[in-house]
file start_7.txt (compact mmCIF, C-alpha atoms and all ligand atoms)
# COMPACT_ATOMS: atom_id res chain seq x y z
CA MET A 1 -76.23 16.30 -17.53
CA THR A 2 -76.05 18.88 -20.28
CA ARG A 3 -76.66 22.38 -19.00
CA THR A 4 -76.94 25.53 -21.06
CA LYS A 5 -73.56 27.20 -21.38
CA VAL A 6 -73.91 30.89 -20.58
CA PHE A 7 -71.47 33.70 -21.35
CA GLY A 8 -72.33 37.10 -19.96
CA GLY A 9 -70.60 40.32 -20.93
CA ASN A 10 -70.82 42.78 -18.04
CA TRP A 11 -69.72 46.11 -19.43
CA LYS A 12 -70.11 47.93 -16.12
CA MET A 13 -69.81 51.72 -16.67
CA ASN A 14 -67.99 51.42 -20.00
CA HIS A 15 -68.82 52.26 -23.63
CA GLY A 16 -70.79 55.22 -24.89
CA LEU A 17 -73.04 55.18 -27.95
CA ALA A 18 -70.36 55.24 -30.63
CA GLU A 19 -68.31 52.48 -28.99
CA THR A 20 -71.42 50.39 -28.48
CA GLU A 21 -72.48 50.73 -32.08
CA ALA A 22 -68.99 49.82 -33.28
CA PHE A 23 -68.96 46.80 -30.97
CA LEU A 24 -72.36 45.57 -32.16
CA GLN A 25 -71.53 45.98 -35.83
CA ASP A 26 -68.45 43.80 -35.32
CA PHE A 27 -70.10 41.36 -32.97
CA ILE A 28 -73.08 40.49 -35.15
CA ASN A 29 -70.77 39.87 -38.10
CA THR A 30 -68.58 37.48 -36.16
CA LYS A 31 -69.25 33.78 -36.16
CA ILE A 32 -70.34 32.95 -32.65
CA SER A 33 -71.27 29.48 -31.52
CA THR A 34 -74.99 28.87 -31.18
CA ASP A 35 -74.32 26.07 -28.72
CA CYS A 36 -74.62 28.49 -25.80
CA GLN A 37 -76.45 31.56 -24.55
CA VAL A 38 -74.61 34.85 -24.92
CA VAL A 39 -75.95 37.80 -22.90
CA LEU A 40 -74.68 41.39 -22.97
CA PHE A 41 -75.16 43.67 -19.96
CA PRO A 42 -74.37 47.21 -21.20
CA PRO A 43 -75.12 50.47 -19.36
CA PHE A 44 -78.81 51.50 -19.47
CA THR A 45 -78.07 54.24 -22.01
CA ASN A 46 -77.03 51.66 -24.63
CA LEU A 47 -79.92 49.24 -24.29
CA HIS A 48 -81.80 50.76 -27.21
CA LEU A 49 -78.84 49.92 -29.46
CA MET A 50 -78.97 46.32 -28.27
CA GLN A 51 -82.61 46.28 -29.28
CA LYS A 52 -81.74 47.68 -32.69
CA TYR A 53 -78.84 45.33 -33.49
CA LEU A 54 -79.57 42.11 -31.61
CA LYS A 55 -83.20 41.54 -32.50
CA ALA A 56 -83.57 38.00 -33.84
CA SER A 57 -79.83 37.40 -33.46
CA GLY A 58 -80.09 34.83 -30.67
CA ILE A 59 -77.86 37.04 -28.55
CA ALA A 60 -79.68 38.20 -25.45
CA TYR A 61 -79.15 41.35 -23.45
CA GLY A 62 -80.13 42.74 -20.13
CA ALA A 63 -79.48 45.35 -17.50
CA GLN A 64 -76.84 45.48 -14.81
CA ASN A 65 -79.32 46.84 -12.30
CA PHE A 66 -82.88 48.07 -11.67
CA TYR A 67 -84.86 49.40 -8.76
CA CYS A 68 -87.20 47.23 -6.75
CA GLU A 69 -90.34 49.33 -7.13
CA GLU A 70 -92.76 49.51 -10.03
CA LYS A 71 -92.70 53.28 -10.46
CA GLY A 72 -92.83 56.56 -8.60
CA ALA A 73 -90.65 59.08 -6.84
CA TYR A 74 -87.28 57.29 -7.02
CA THR A 75 -84.99 59.83 -8.62
CA GLY A 76 -82.29 58.25 -10.71
CA GLU A 77 -83.77 54.75 -10.81
CA VAL A 78 -85.01 52.46 -13.59
CA SER A 79 -87.82 49.90 -13.34
CA LEU A 80 -88.16 46.38 -14.69
CA ALA A 81 -91.07 47.46 -16.91
CA MET A 82 -88.81 50.06 -18.54
CA LEU A 83 -86.20 47.39 -19.20
CA LYS A 84 -88.77 45.07 -20.71
CA GLU A 85 -89.87 47.82 -23.08
CA LEU A 86 -86.30 47.89 -24.35
CA GLY A 87 -86.40 44.14 -24.98
CA CYS A 88 -84.25 43.09 -22.02
CA THR A 89 -84.69 39.45 -21.06
CA TRP A 90 -81.93 39.20 -18.40
CA VAL A 91 -80.75 41.17 -15.39
CA LEU A 92 -77.80 40.88 -13.06
CA THR A 93 -78.57 40.70 -9.36
CA GLY A 94 -76.14 40.72 -6.46
CA HIS A 95 -73.03 41.75 -8.36
CA SER A 96 -70.29 42.37 -5.79
CA GLU A 97 -69.86 45.97 -6.98
CA ARG A 98 -73.53 46.61 -6.15
CA ARG A 99 -73.18 44.83 -2.84
CA GLU A 100 -69.94 46.58 -1.86
CA ILE A 101 -70.18 50.06 -3.41
CA PHE A 102 -73.94 50.55 -3.23
CA GLN A 103 -74.54 48.59 -0.03
CA GLU A 104 -77.03 46.13 -1.49
CA SER A 105 -77.90 43.66 1.24
CA ASP A 106 -78.65 39.96 0.88
CA GLU A 107 -82.31 40.83 1.51
CA LEU A 108 -82.39 43.41 -1.26
CA VAL A 109 -80.68 41.01 -3.67
CA ALA A 110 -83.31 38.38 -2.82
CA LYS A 111 -86.13 40.87 -3.35
CA LYS A 112 -84.75 42.03 -6.68
CA THR A 113 -84.19 38.45 -7.84
CA ARG A 114 -87.82 37.56 -7.04
CA MET A 115 -89.12 40.71 -8.73
CA ALA A 116 -87.13 39.99 -11.88
CA LEU A 117 -88.58 36.48 -12.04
CA GLU A 118 -92.10 37.80 -11.53
CA ALA A 119 -91.51 40.23 -14.40
CA GLY A 120 -90.45 37.31 -16.62
CA LEU A 121 -86.76 38.20 -16.80
CA THR A 122 -83.90 35.80 -16.17
CA PRO A 123 -81.76 36.86 -13.22
CA MET A 124 -78.07 36.02 -13.18
CA VAL A 125 -77.46 35.94 -9.44
CA CYS A 126 -73.88 36.84 -8.48
CA ILE A 127 -72.17 35.70 -5.31
CA GLY A 128 -68.57 35.57 -4.12
CA GLU A 129 -66.20 35.97 -1.22
CA SER A 130 -63.66 38.73 -0.51
CA LEU A 131 -59.93 38.09 -0.10
CA ASP A 132 -60.20 38.49 3.68
CA GLU A 133 -63.04 35.98 3.81
CA LYS A 134 -61.06 33.56 1.66
CA LYS A 135 -57.99 33.91 3.88
CA ALA A 136 -60.13 33.37 6.99
CA GLY A 137 -61.55 30.16 5.52
CA GLN A 138 -65.04 31.64 5.27
CA THR A 139 -65.71 31.03 1.56
CA GLN A 140 -68.12 28.16 2.11
CA GLU A 141 -70.07 30.00 4.77
CA LYS A 142 -70.34 33.17 2.68
CA LEU A 143 -71.47 31.42 -0.51
CA ASN A 144 -73.91 29.27 1.39
CA ARG A 145 -75.41 32.35 3.07
CA GLN A 146 -75.66 34.34 -0.16
CA VAL A 147 -77.26 31.50 -2.12
CA ARG A 148 -79.72 30.56 0.64
CA SER A 149 -80.73 34.16 1.13
CA ALA A 150 -81.31 34.75 -2.59
CA LEU A 151 -83.53 31.67 -2.73
CA GLU A 152 -85.57 32.27 0.41
CA GLY A 153 -89.10 31.00 -0.17
CA MET A 154 -88.52 30.37 -3.89
CA SER A 155 -90.38 27.55 -5.68
CA GLU A 156 -88.58 24.81 -7.62
CA SER A 157 -89.96 26.10 -10.90
CA ASP A 158 -88.55 29.56 -10.22
CA VAL A 159 -85.16 28.26 -9.10
CA LEU A 160 -84.86 26.44 -12.41
CA LYS A 161 -85.09 29.80 -14.22
CA LEU A 162 -82.00 31.19 -12.49
CA THR A 163 -78.40 31.28 -13.57
CA PHE A 164 -75.67 31.83 -10.97
CA ALA A 165 -72.29 33.49 -11.29
CA TYR A 166 -69.62 32.66 -8.75
CA GLU A 167 -67.26 35.63 -8.74
CA PRO A 168 -64.58 35.77 -6.06
CA ILE A 169 -64.25 39.49 -5.35
CA TRP A 170 -60.43 39.27 -5.28
CA ALA A 171 -60.43 38.05 -8.89
CA ILE A 172 -62.68 40.74 -10.37
CA GLY A 173 -60.90 43.26 -12.55
CA THR A 174 -57.59 42.43 -10.90
CA GLY A 175 -56.07 40.16 -13.52
CA VAL A 176 -55.60 37.68 -10.66
CA ASN A 177 -57.96 35.02 -11.88
CA ALA A 178 -58.91 32.12 -9.64
CA SER A 179 -57.24 28.80 -10.38
CA GLN A 180 -59.43 26.29 -12.18
CA GLU A 181 -59.63 24.34 -8.92
CA ASP A 182 -60.71 27.36 -6.85
CA ALA A 183 -63.31 28.32 -9.45
CA GLN A 184 -64.60 24.75 -9.59
CA GLU A 185 -64.76 24.57 -5.81
CA GLY A 186 -66.81 27.78 -5.60
CA CYS A 187 -69.23 26.67 -8.32
CA LYS A 188 -69.52 23.26 -6.69
CA LEU A 189 -70.33 24.87 -3.34
CA VAL A 190 -73.17 26.74 -5.03
CA ARG A 191 -74.46 23.53 -6.61
CA THR A 192 -74.24 21.66 -3.32
CA THR A 193 -76.27 24.35 -1.57
CA LEU A 194 -78.83 24.16 -4.38
CA ALA A 195 -78.93 20.37 -4.02
CA ASN A 196 -79.39 20.61 -0.26
CA LEU A 197 -82.32 22.96 -0.74
CA TYR A 198 -84.02 21.53 -3.84
CA GLY A 199 -82.50 18.12 -4.51
CA LYS A 200 -79.75 16.98 -6.83
CA SER A 201 -81.79 16.70 -10.00
CA ILE A 202 -82.83 20.38 -9.79
CA ALA A 203 -79.29 21.49 -8.84
CA ASP A 204 -77.87 19.58 -11.81
CA GLN A 205 -80.01 21.56 -14.25
CA ILE A 206 -78.91 25.05 -13.16
CA SER A 207 -76.11 26.81 -15.02
CA ILE A 208 -73.36 28.24 -12.83
CA CYS A 209 -70.79 30.59 -14.36
CA TYR A 210 -67.39 31.57 -13.06
CA GLY A 211 -66.44 35.25 -13.17
CA GLY A 212 -63.25 37.15 -12.35
CA SER A 213 -60.58 37.97 -14.94
CA VAL A 214 -61.93 35.48 -17.46
CA LYS A 215 -60.07 35.88 -20.76
CA PRO A 216 -60.12 34.17 -24.18
CA GLY A 217 -57.01 32.24 -23.09
CA ASN A 218 -58.30 30.84 -19.81
CA ILE A 219 -61.98 30.12 -20.43
CA GLU A 220 -61.33 26.66 -21.87
CA GLY A 221 -59.65 25.56 -18.64
CA TYR A 222 -62.55 26.76 -16.54
CA MET A 223 -65.07 25.06 -18.83
CA SER A 224 -63.22 21.76 -18.41
CA GLN A 225 -64.31 21.73 -14.76
CA GLY A 226 -67.42 19.73 -13.93
CA ASP A 227 -69.49 22.46 -12.27
CA ILE A 228 -68.56 25.46 -14.42
CA ASP A 229 -71.08 26.15 -17.17
CA GLY A 230 -69.94 29.51 -18.49
CA GLY A 231 -68.39 32.83 -17.64
CA LEU A 232 -69.42 36.28 -16.48
CA VAL A 233 -66.89 38.51 -18.16
CA GLY A 234 -66.05 42.16 -17.53
CA GLY A 235 -62.92 43.55 -19.19
CA ALA A 236 -62.68 40.88 -21.90
CA SER A 237 -66.26 41.51 -23.05
CA LEU A 238 -65.58 45.09 -24.14
CA LYS A 239 -64.02 44.26 -27.50
CA ALA A 240 -66.10 42.28 -29.98
CA ASP A 241 -63.26 40.06 -31.18
CA ASP A 242 -62.05 39.26 -27.65
CA PHE A 243 -65.51 38.37 -26.48
CA SER A 244 -66.46 36.29 -29.52
CA THR A 245 -63.15 34.41 -29.28
CA LEU A 246 -63.78 33.86 -25.57
CA VAL A 247 -67.27 32.47 -26.25
CA ASN A 248 -66.08 30.22 -29.05
CA ASN A 249 -63.16 28.94 -26.94
CA GLY A 250 -65.59 28.32 -24.12
CA VAL A 251 -67.84 26.00 -26.12
CA LYS A 252 -65.06 24.06 -27.82
P1 LIG A 301 -63.62 41.07 -14.93
O1 LIG A 301 -65.09 41.37 -14.29
O2 LIG A 301 -63.83 40.01 -15.98
O3 LIG A 301 -63.18 42.37 -15.51
O4 LIG A 301 -62.77 40.57 -13.82
C1 LIG A 301 -66.01 40.34 -14.05
C2 LIG A 301 -67.26 40.86 -13.40
O5 LIG A 301 -67.19 41.73 -12.51
O6 LIG A 301 -68.39 40.44 -13.74

call {"tool": "encode", "arguments": {"input": "start_7.txt", "output": "structure tokens", "more": "lines below"}}
Ligand code: PGA
result
Amino acid sequence: MTRTKVFGGNWKMNHGLAETEAFLQDFINTKISTDCQVVLFPPFTNLHLMQKYLKASGIAYGAQNFYCEEKGAYTGEVSLAMLKELGCTWVLTGHSERREIFQESDELVAKKTRMALEAGLTPMVCIGESLDEKKAGQTQEKLNRQVRSALEGMSESDVLKLTFAYEPIWAIGTGVNASQEDAQEGCKLVRTTLANLYGKSIADQISICYGGSVKPGNIEGYMSQGDIDGGLVGGASLKADDFSTLVNNGVK
């Protein structure tokens, strides 16, 4: 089964306008494999630069967040329609920093994932266990719960539009990346849950990325695992040459 390889660059709250412009000028002049989908997730304030530089480049971009209402009195929030105006085609949902720091519940993640699909955007749904949960042997239960909740009531055709990112919380931004085996096991758990809900042939078509201290030097190992189809990358997506090397190493 050949699945689309997906490499997401999650910039989090990094890069202002000048840094973003410098990144994009470098990035679009670098040879990047076309045998995959690359997606940048910059802060909202840089999305207009993505629109300017990435148009017709084949490189997609999207937002790290949005609010789950169409419009109105929601001070500080951004809607899906606003993101679409800026040419976004992807959004992250369920990133552990949103779940942990901003108290986003499984229910809210499910609602936002459904809304993004309805708006015609591709959600990259993030899930992952904490170190305590891992130590307590609760990884399977947590991933199963997060995946099932995100998919509640979702049709097969919608599920096929999703990409997942398995990101163990203990490996994010820590430099302590998961072993290839741990990453494979997490991604496989996600695929098994998908298969239990929708059947194997659907589950086999859905791209599942690993995230958590992915670097140009370790992506190849992750990609050699049967259920890992890409990476969601934080720190190593901030420099154009690191990220392009990472993507090219990933599709080797
Ligand atoms: P990291 O972040 O690559 O810096 O660990 C990954 C993520 O949070 O998506």

call {"tool": "residues_near_point", "arguments": {"input": "start_7.txt", "point": "(-68.6, 21.4, -33.0)", "cutoff": "12 Å", "atoms": "only C-alpha atoms", "output": "list in words"}}
result
Ile32, Ser33, Thr34, Asp35, Cys36, Asn248, Asn249, Gly250, Val251 and Lys252 of chain A

call {"tool": "residues_near_ligand", "arguments": {"input": "start_7.txt", "ligand": "ligand LIG 301 (chain A)", "cutoff": "10 Å", "atoms": "only C-alpha atoms and all ligand atoms", "output": "VMD selection string"}}
result
chain A and resid 8 to 12 41 64 92 95 to 97 126 165 to 177 210 to 215 231 to 238

call {"tool": "residues_around", "arguments": {"input": "start_7.txt", "residues": "range 111-114 of chain A", "least_positions_apart": "2", "cutoff": "9 Å", "atoms": "all atoms listed in the file", "output": "ChimeraX atom specification"}}
result
/A:66-68,91-94,106-109,116-119,122-125,150-151,154,158,162

call {"tool": "closest_residue", "arguments": {"input": "start_7.txt", "among": "A:Lys134, A:Arg99, A:Glu69, A:Tyr198", "to": "Ala81 in chain A", "atoms": "all atoms listed in the file"}}
result
A:Glu69

call {"tool": "closest_residue", "arguments": {"input": "start_7.txt", "among": "A:Ser57, A:Gly186, A:Ala18, A:Lys84", "to": "Thr30 in chain A", "atoms": "all atoms listed in the file"}}
result
A:Ser57

call {"tool": "atom_distance", "arguments": {"input": "start_7.txt", "atom1": "CA of Lys142 in chain A", "atom2": "CA of Thr193 in chain A"}}
result
11.4 Å

call {"tool": "atom_distance", "arguments": {"input": "start_7.txt", "atom1": "CA of Thr2 in chain A", "atom2": "CA of Lys188 in chain A"}}
result
15.7 Å

call {"tool": "atom_distance", "arguments": {"input": "start_7.txt", "atom1": "CA of Lys5 in chain A", "atom2": "CA of Ile206 in chain A"}}
result
10.0 Å

call {"tool": "decode", "arguments": {"input": "start_7.txt", "residues": "range 43-161 of chain A", "atoms": "C-alpha atoms", "output": "PDB file, in the first residue's frame"}}
result
ATOM      1  CA  PRO A  43       1.789  31.485  13.328  1.00  0.00           C
ATOM      2  CA  PHE A  44      -1.356  33.227  12.003  1.00  0.00           C
ATOM      3  CA  THR A  45       0.538  36.485  11.479  1.00  0.00           C
ATOM      4  CA  ASN A  46       2.755  34.875   8.813  1.00  0.00           C
ATOM      5  CA  LEU A  47       0.085  33.149   6.757  1.00  0.00           C
ATOM      6  CA  HIS A  48      -0.097  35.980   4.234  1.00  0.00           C
ATOM      7  CA  LEU A  49       3.592  35.425   3.455  1.00  0.00           C
ATOM      8  CA  MET A  50       2.896  31.742   2.833  1.00  0.00           C
ATOM      9  CA  GLN A  51       0.243  32.832   0.373  1.00  0.00           C
ATOM     10  CA  LYS A  52       2.691  35.159  -1.341  1.00  0.00           C
ATOM     11  CA  TYR A  53       5.606  32.717  -1.629  1.00  0.00           C
ATOM     12  CA  LEU A  54       4.051  29.261  -1.831  1.00  0.00           C
ATOM     13  CA  LYS A  55       1.341  29.813  -4.407  1.00  0.00           C
ATOM     14  CA  ALA A  56       1.701  27.155  -7.110  1.00  0.00           C
ATOM     15  CA  SER A  57       4.759  25.706  -5.367  1.00  0.00           C
ATOM     16  CA  GLY A  58       3.144  22.413  -4.363  1.00  0.00           C
ATOM     17  CA  ILE A  59       4.020  23.185  -0.762  1.00  0.00           C
ATOM     18  CA  ALA A  60       0.892  23.490   1.338  1.00  0.00           C
ATOM     19  CA  TYR A  61       0.354  25.518   4.472  1.00  0.00           C
ATOM     20  CA  GLY A  62      -2.152  25.777   7.220  1.00  0.00           C
ATOM     21  CA  ALA A  63      -2.901  27.061  10.677  1.00  0.00           C
ATOM     22  CA  GLN A  64      -1.952  25.654  14.050  1.00  0.00           C
ATOM     23  CA  ASN A  65      -5.363  26.493  15.467  1.00  0.00           C
ATOM     24  CA  PHE A  66      -8.759  28.115  14.864  1.00  0.00           C
ATOM     25  CA  TYR A  67     -11.935  28.671  16.814  1.00  0.00           C
ATOM     26  CA  CYS A  68     -14.953  26.455  16.432  1.00  0.00           C
ATOM     27  CA  GLU A  69     -17.502  29.144  15.585  1.00  0.00           C
ATOM     28  CA  GLU A  70     -18.159  30.856  12.281  1.00  0.00           C
ATOM     29  CA  LYS A  71     -17.892  34.431  13.547  1.00  0.00           C
ATOM     30  CA  GLY A  72     -18.945  36.762  16.320  1.00  0.00           C
ATOM     31  CA  ALA A  73     -17.927  37.960  19.743  1.00  0.00           C
ATOM     32  CA  TYR A  74     -14.915  35.709  20.385  1.00  0.00           C
ATOM     33  CA  THR A  75     -12.140  38.126  21.224  1.00  0.00           C
ATOM     34  CA  GLY A  76      -8.750  36.890  20.139  1.00  0.00           C
ATOM     35  CA  GLU A  77      -9.977  34.052  17.929  1.00  0.00           C
ATOM     36  CA  VAL A  78      -9.663  33.242  14.223  1.00  0.00           C
ATOM     37  CA  SER A  79     -12.219  31.397  12.073  1.00  0.00           C
ATOM     38  CA  LEU A  80     -11.833  28.761   9.391  1.00  0.00           C
ATOM     39  CA  ALA A  81     -13.260  31.144   6.772  1.00  0.00           C
ATOM     40  CA  MET A  82     -10.487  33.641   7.602  1.00  0.00           C
ATOM     41  CA  LEU A  83      -7.891  30.909   7.150  1.00  0.00           C
ATOM     42  CA  LYS A  84      -9.364  29.887   3.820  1.00  0.00           C
ATOM     43  CA  GLU A  85      -9.149  33.474   2.608  1.00  0.00           C
ATOM     44  CA  LEU A  86      -5.417  33.256   3.252  1.00  0.00           C
ATOM     45  CA  GLY A  87      -5.180  30.104   1.145  1.00  0.00           C
ATOM     46  CA  CYS A  88      -4.785  27.627   4.008  1.00  0.00           C
ATOM     47  CA  THR A  89      -5.634  24.062   3.047  1.00  0.00           C
ATOM     48  CA  TRP A  90      -4.572  22.306   6.290  1.00  0.00           C
ATOM     49  CA  VAL A  91      -5.051  22.760  10.018  1.00  0.00           C
ATOM     50  CA  LEU A  92      -3.655  21.040  13.072  1.00  0.00           C
ATOM     51  CA  THR A  93      -6.157  19.692  15.566  1.00  0.00           C
ATOM     52  CA  GLY A  94      -5.492  18.156  18.960  1.00  0.00           C
ATOM     53  CA  HIS A  95      -1.853  19.142  19.299  1.00  0.00           C
ATOM     54  CA  SER A  96      -0.752  18.205  22.818  1.00  0.00           C
ATOM     55  CA  GLU A  97       0.204  21.824  23.582  1.00  0.00           C
ATOM     56  CA  ARG A  98      -3.395  22.853  22.836  1.00  0.00           C
ATOM     57  CA  ARG A  99      -4.734  19.965  24.866  1.00  0.00           C
ATOM     58  CA  GLU A 100      -2.414  20.532  27.832  1.00  0.00           C
ATOM     59  CA  ILE A 101      -1.860  24.306  27.959  1.00  0.00           C
ATOM     60  CA  PHE A 102      -5.218  25.460  26.595  1.00  0.00           C
ATOM     61  CA  GLN A 103      -7.322  22.636  28.032  1.00  0.00           C
ATOM     62  CA  GLU A 104      -8.750  21.452  24.724  1.00  0.00           C
ATOM     63  CA  SER A 105     -10.858  18.386  25.453  1.00  0.00           C
ATOM     64  CA  ASP A 106     -11.318  15.310  23.278  1.00  0.00           C
ATOM     65  CA  GLU A 107     -14.813  16.624  22.483  1.00  0.00           C
ATOM     66  CA  LEU A 108     -13.509  19.994  21.340  1.00  0.00           C
ATOM     67  CA  VAL A 109     -10.819  18.338  19.219  1.00  0.00           C
ATOM     68  CA  ALA A 110     -13.521  16.184  17.591  1.00  0.00           C
ATOM     69  CA  LYS A 111     -15.706  19.222  16.942  1.00  0.00           C
ATOM     70  CA  LYS A 112     -12.849  21.194  15.424  1.00  0.00           C
ATOM     71  CA  THR A 113     -11.784  18.254  13.269  1.00  0.00           C
ATOM     72  CA  ARG A 114     -15.327  17.900  11.888  1.00  0.00           C
ATOM     73  CA  MET A 115     -15.624  21.642  11.282  1.00  0.00           C
ATOM     74  CA  ALA A 116     -12.321  21.727   9.403  1.00  0.00           C
ATOM     75  CA  LEU A 117     -13.493  18.890   7.150  1.00  0.00           C
ATOM     76  CA  GLU A 118     -16.802  20.632   6.510  1.00  0.00           C
ATOM     77  CA  ALA A 119     -14.869  23.756   5.528  1.00  0.00           C
ATOM     78  CA  GLY A 120     -12.839  21.696   3.046  1.00  0.00           C
ATOM     79  CA  LEU A 121      -9.553  21.814   4.943  1.00  0.00           C
ATOM     80  CA  THR A 122      -7.381  18.805   5.738  1.00  0.00           C
ATOM     81  CA  PRO A 123      -6.994  18.259   9.469  1.00  0.00           C
ATOM     82  CA  MET A 124      -3.816  16.726  10.825  1.00  0.00           C
ATOM     83  CA  VAL A 125      -5.139  15.164  14.010  1.00  0.00           C
ATOM     84  CA  CYS A 126      -2.522  14.899  16.767  1.00  0.00           C
ATOM     85  CA  ILE A 127      -2.607  12.354  19.560  1.00  0.00           C
ATOM     86  CA  GLY A 128      -0.084  11.065  22.073  1.00  0.00           C
ATOM     87  CA  GLU A 129       0.530   9.890  25.604  1.00  0.00           C
ATOM     88  CA  SER A 130       2.378  11.610  28.463  1.00  0.00           C
ATOM     89  CA  LEU A 131       5.402  10.116  30.209  1.00  0.00           C
ATOM     90  CA  ASP A 132       3.290   9.160  33.226  1.00  0.00           C
ATOM     91  CA  GLU A 133       0.768   7.418  31.001  1.00  0.00           C
ATOM     92  CA  LYS A 134       3.557   5.593  29.195  1.00  0.00           C
ATOM     93  CA  LYS A 135       5.115   4.474  32.482  1.00  0.00           C
ATOM     94  CA  ALA A 136       1.720   3.294  33.732  1.00  0.00           C
ATOM     95  CA  GLY A 137       1.226   1.199  30.588  1.00  0.00           C
ATOM     96  CA  GLN A 138      -1.683   3.359  29.437  1.00  0.00           C
ATOM     97  CA  THR A 139      -0.417   4.284  25.951  1.00  0.00           C
ATOM     98  CA  GLN A 140      -2.769   1.975  24.092  1.00  0.00           C
ATOM     99  CA  GLU A 141      -5.790   3.087  26.076  1.00  0.00           C
ATOM    100  CA  LYS A 142      -4.995   6.781  25.622  1.00  0.00           C
ATOM    101  CA  LEU A 143      -4.384   6.579  21.867  1.00  0.00           C
ATOM    102  CA  ASN A 144      -7.443   4.439  21.369  1.00  0.00           C
ATOM    103  CA  ARG A 145      -9.578   6.935  23.293  1.00  0.00           C
ATOM    104  CA  GLN A 146      -8.194   9.970  21.473  1.00  0.00           C
ATOM    105  CA  VAL A 147      -8.605   8.431  18.019  1.00  0.00           C
ATOM    106  CA  ARG A 148     -12.108   7.082  18.685  1.00  0.00           C
ATOM    107  CA  SER A 149     -13.234  10.378  20.117  1.00  0.00           C
ATOM    108  CA  ALA A 150     -11.890  12.394  17.166  1.00  0.00           C
ATOM    109  CA  LEU A 151     -13.740  10.099  14.758  1.00  0.00           C
ATOM    110  CA  GLU A 152     -17.072   9.928  16.563  1.00  0.00           C
ATOM    111  CA  GLY A 153     -19.843   9.705  13.970  1.00  0.00           C
ATOM    112  CA  MET A 154     -17.486  10.369  11.049  1.00  0.00           C
ATOM    113  CA  SER A 155     -18.201   8.833   7.617  1.00  0.00           C
ATOM    114  CA  GLU A 156     -15.667   6.684   5.763  1.00  0.00           C
ATOM    115  CA  SER A 157     -15.234   9.329   3.088  1.00  0.00           C
ATOM    116  CA  ASP A 158     -14.362  11.940   5.710  1.00  0.00           C
ATOM    117  CA  VAL A 159     -11.974   9.651   7.580  1.00  0.00           C
ATOM    118  CA  LEU A 160     -10.065   9.137   4.351  1.00  0.00           C
ATOM    119  CA  LYS A 161      -9.371  12.895   4.228  1.00  0.00           C
TER     120      LYS A 161
END
